[in-house]
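Peer 1: Quick one: the structure is below, questions incoming.
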Amino acid sequence: MILKNKTIFFLIIVAFAGYSCKMRSMTSSSKKGLSERDQINLEYTFYDACKEKLLGNTVVAATLYEKCLKIDANNDAVLYELGNISFSQNNFNDAEKFVTKAISVNSNNQWYYVLLANIYKSKKQFKQAAGVYEELTNKFPNNPDYFENQAMSLIYDNDYAEAIKVLDKIEEKFGFSEEITMKKLQLLQITKKYDQATEELNKLIALYPKNTEYMGMLAELYMENGDKIKSLKLFNDILAIDSTNAKVHLSLSDYYRTEGDKDKSFSEMKKAFQSSDLDIATKIQILLSYFTVTEKHDELKIQAYELIQVLLETDSAEAKVHSIYADFLYRDKKLGETRQQYRIVTELSPDKYVVWQQLLFIDSEMNDFKSLLDESEKAIELFPSQPMVYLMNGLAKMKLNNYRGAITILEKGKDYVIVNDKLLAEFYTYIGDCRYELKEYQPSFQAYEKVISIDPKNALVLNNYSYYLSEKGDSLQKAEKMATKANEINPNVASYEDTYAWVLYKLGKFDEAKKWIEKAISHGGSNNDVIIEHYGDILFRLNKKDEALKTWKKAREFGKGSEFLDQKIKEEKIIE
């Protein structure tokens, strides 16, 4: 039994021997002055702490390390481990205290400095971090990582001048590095040290003469510094090597635009678009900028459409191309062409719900309810939990006089509405309309009541509900209140004013009815057969029978009117 325990302890010691060289040296750094018993106790406790740490028992490990400190308060290995644990727990201040003390005990262990630098970076104290890395470069001058970390810390501290000096030192000590030169170049441009930046770029061009990217960067630098002649020469040199270089064509497009040469500028833009080197994301981003600018500068629309045509030739398999084309077409009210592009998008990327939604809206806007029905059914299959597709399907069925089918799909779809009262009100509105068409008046009115409870300021439903009540001759006082409210919410709407006039007519308030029907006529109802017929009815009730007859005849010229209009004209009296 005793032999077995010794074997286990031996295995633990072997395991931790490979854990880190620093551990072995740390545990011996401050043993002087300890009794043999304390030394053994320290080693056992330290290795127990390391074991618990590796097993993920951080709290237990920290307790054991603290126990180590009670034996040897200046043990740098223990201090470092406690610093590491505090750092992992984001307790940066304690971590800093522990590791700073560890360094004061043992200033030759690079890992202590690395931890301290990481603590400073986590605290966003980049200047202090740079100072730690500088100490590391002095103590361990053959490690390039410490120099690079020093430079990066200085960059984060916005000390670009010192960062450049460190990058220069890296190249002096370790030789030329394209990566380091590029970092230095970025800093030189930020600090507007154009001469030094030019020197660095020329160095790169000399080393990599076939790399046109560096030539392009130098041309851009010349442009930024106002040296347009050198810039243009370099751009043309690049095109002599690579005539389809998209970046250069874009740069030349910018160049000619600043020079006021719009034709050359656009010509270069088209060449860039024709190049397969220019990624689709950049092309779309450029078109988006055209979309914005053409809202104020209409003359650029021609250019935008030309670029889209180029894209349709080079990237027709990209859904984004057809999508942005549709955006331009829709803005220009070319609904048929817009719909065609959205249909292509749904074929290329059928999982784009937003596109399907836009397609359904366009079907509705075009009053193409057969297409709306077909495409909304496809959308329901693809997006069975999206309430909007059910609403549009219900609308299509309602418009195609399939009221029962519309009610079924609307009842199903409304259950998918979550925290969207406006949308839920739309469902109940259509359900109410369908019920009314089926002469299911009570369920219809219940649906309208639901709308008003959800959206008390829904002027459309208030108006329609009021009118239907007046037609039925039911709850006229309630109808009057709703018609009044509809006109308060949305004044000067002929159909709303007509409804209010008709409710007043049903209540026998003919003089008031006349005032409101005349408002309706003045606000766009002068050619509406229903409104004009109502006007005739009101005039008749006011004993202006000749005027009423003329008005009914006028209504007949504008449309069919009510089922009684022809009879009214023939018998020259009210027929209800």
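Chain lettering (A, B, ...) mirrors the order of the structure tokens, residue numbering begins at 1 for each chain separately, and ligand numbering begins at 1 in order of display.
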Just asking: which residues within segment 282-437 of chain A are helix (DSSP H, G or I) according to DSSP, as a ChimeraX atom specification?
Peer 2: /A:282-293,298-314,319-331,335-348,353-365,369-382,387-399,403-416,421-437
Peer 1: My list of candidates is A:Pro491, A:Phe540, A:Gln89, A:Val78. Which is closest to Lys514 of chain A when distances are computed with only C-alpha atoms?
Peer 2: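 Residue with the minimum atom-to-atom distance to Lys514 of chain A: A:Phe540.
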Peer 1: Using only C-alpha atoms, which residue out of A:Phe98, A:Glu306, A:Trp552, A:Tyr465 lies closest to Phe564 of chain A?
Peer 2: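 Answer, going by the shortest atom-to-atom distance: A:Trp552.
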Peer 1: Find the residues near segment 525-539 of chain A: any atom within 6 Å, counting only C-alpha atoms, skip ones fewer than 6 places away on the same chain, and give them as a ChimeraX atom specification.
Peer 2: /A:494,548,551-552,555,558-559,561
Peer 1: Emit the selected residues as a CSV table (one decimal), in the first residue's frame, including N, CA and C atoms.
Peer 2:
```
chain,number,residue,atom,x,y,z
A,494,ALA,N,-62.4,61.7,-48.8
A,494,ALA,CA,-63.8,61.7,-49.4
A,494,ALA,C,-64.6,60.5,-48.9
A,548,ALA,N,-82.3,66.4,-56.9
A,548,ALA,CA,-82.0,65.0,-56.6
A,548,ALA,C,-82.0,64.2,-57.9
A,551,THR,N,-79.0,64.9,-60.0
A,551,THR,CA,-77.8,64.3,-59.3
A,551,THR,C,-77.7,62.8,-59.5
A,552,TRP,N,-78.9,62.1,-59.4
A,552,TRP,CA,-78.9,60.6,-59.7
A,552,TRP,C,-78.5,60.3,-61.1
A,555,ALA,N,-74.8,60.6,-61.3
A,555,ALA,CA,-74.2,59.5,-60.7
A,555,ALA,C,-74.1,58.3,-61.7
A,558,PHE,N,-71.3,58.3,-64.0
A,558,PHE,CA,-70.0,57.9,-63.5
A,558,PHE,C,-69.9,56.4,-63.2
A,559,GLY,N,-71.0,55.7,-63.1
A,559,GLY,CA,-70.9,54.3,-62.8
A,559,GLY,C,-72.3,53.7,-62.6
A,561,GLY,N,-73.6,52.7,-59.6
A,561,GLY,CA,-74.3,53.1,-58.4
A,561,GLY,C,-74.9,51.9,-57.7
```
Peer 1: Skip Val166 of chain A itself and residues of its chain fewer than 3 positions away, then list as JSON, numbers by chain all residues within 7 Å of it, counting only C-alpha atoms.
Peer 2: {"A": [147, 151, 162, 163, 169, 170]}
Peer 1: For Lys472 of chain A, list every protein, DNA or RNA residue within 12 Å, evaluated using only C-alpha atoms, and leave out those in the same chain fewer than 6 positions away; present the list as an MDAnalysis selection string.
Peer 2: chainID A and resid 436 439 441:442 445 465:466 479 502:503 506 576
Peer 1: Name all residues at most 12 Å from Leu476 of chain A (count only C-alpha atoms; drop same-chain ones fewer than 3 positions away) and give them as a list in words.
Peer 2: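 These residues fall inside the cut-off: Tyr465, Ser466, Tyr467, Tyr468, Leu469, Ser470, Glu471, Lys472, Gly473, Ala479, Glu480, Lys481, Met482, Ala483, Thr499, Tyr500, Trp502, Val503, Leu504, Tyr505, Lys506, Leu507, Gly508 and Lys509 of chain A.
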Peer 1: At a cut-off of 7 Å, using only C-alpha atoms, what residues contact segment 216-233 of chain A? Leave out same-chain residues fewer than 3 positions from it and give the result as a tab-separated table (two decimals) with N, CA and C atoms, in the first residue's frame.
Peer 2:
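To be explicit, this is the file written out as out_14.tsv:
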```
chain	number	residue	atom	x	y	z
A	198	THR	N	7.21	56.82	-49.40
A	198	THR	CA	7.62	56.61	-50.79
A	198	THR	C	8.88	55.76	-50.86
A	201	LEU	N	8.02	52.13	-50.18
A	201	LEU	CA	7.33	51.51	-51.32
A	201	LEU	C	8.29	51.24	-52.47
A	212	THR	N	2.34	44.32	-58.97
A	212	THR	CA	1.73	45.61	-59.34
A	212	THR	C	0.98	46.25	-58.17
A	213	GLU	N	0.70	45.47	-57.13
A	213	GLU	CA	-0.01	46.03	-55.98
A	213	GLU	C	0.79	47.14	-55.32
A	236	ASN	N	-0.67	53.95	-65.47
A	236	ASN	CA	-0.52	53.48	-66.86
A	236	ASN	C	0.56	52.40	-66.98
A	237	ASP	N	1.63	52.52	-66.17
A	237	ASP	CA	2.67	51.48	-66.16
A	237	ASP	C	2.08	50.14	-65.71
A	248	VAL	N	-6.72	49.32	-60.38
A	248	VAL	CA	-6.17	50.48	-61.10
A	248	VAL	C	-7.27	51.21	-61.85
```
Peer 1: What does the distance between atom CA of Met388 of chain A and atom CA of Tyr416 of chain A come to in Å, to one decimal place?
Peer 2: 9.1 Å
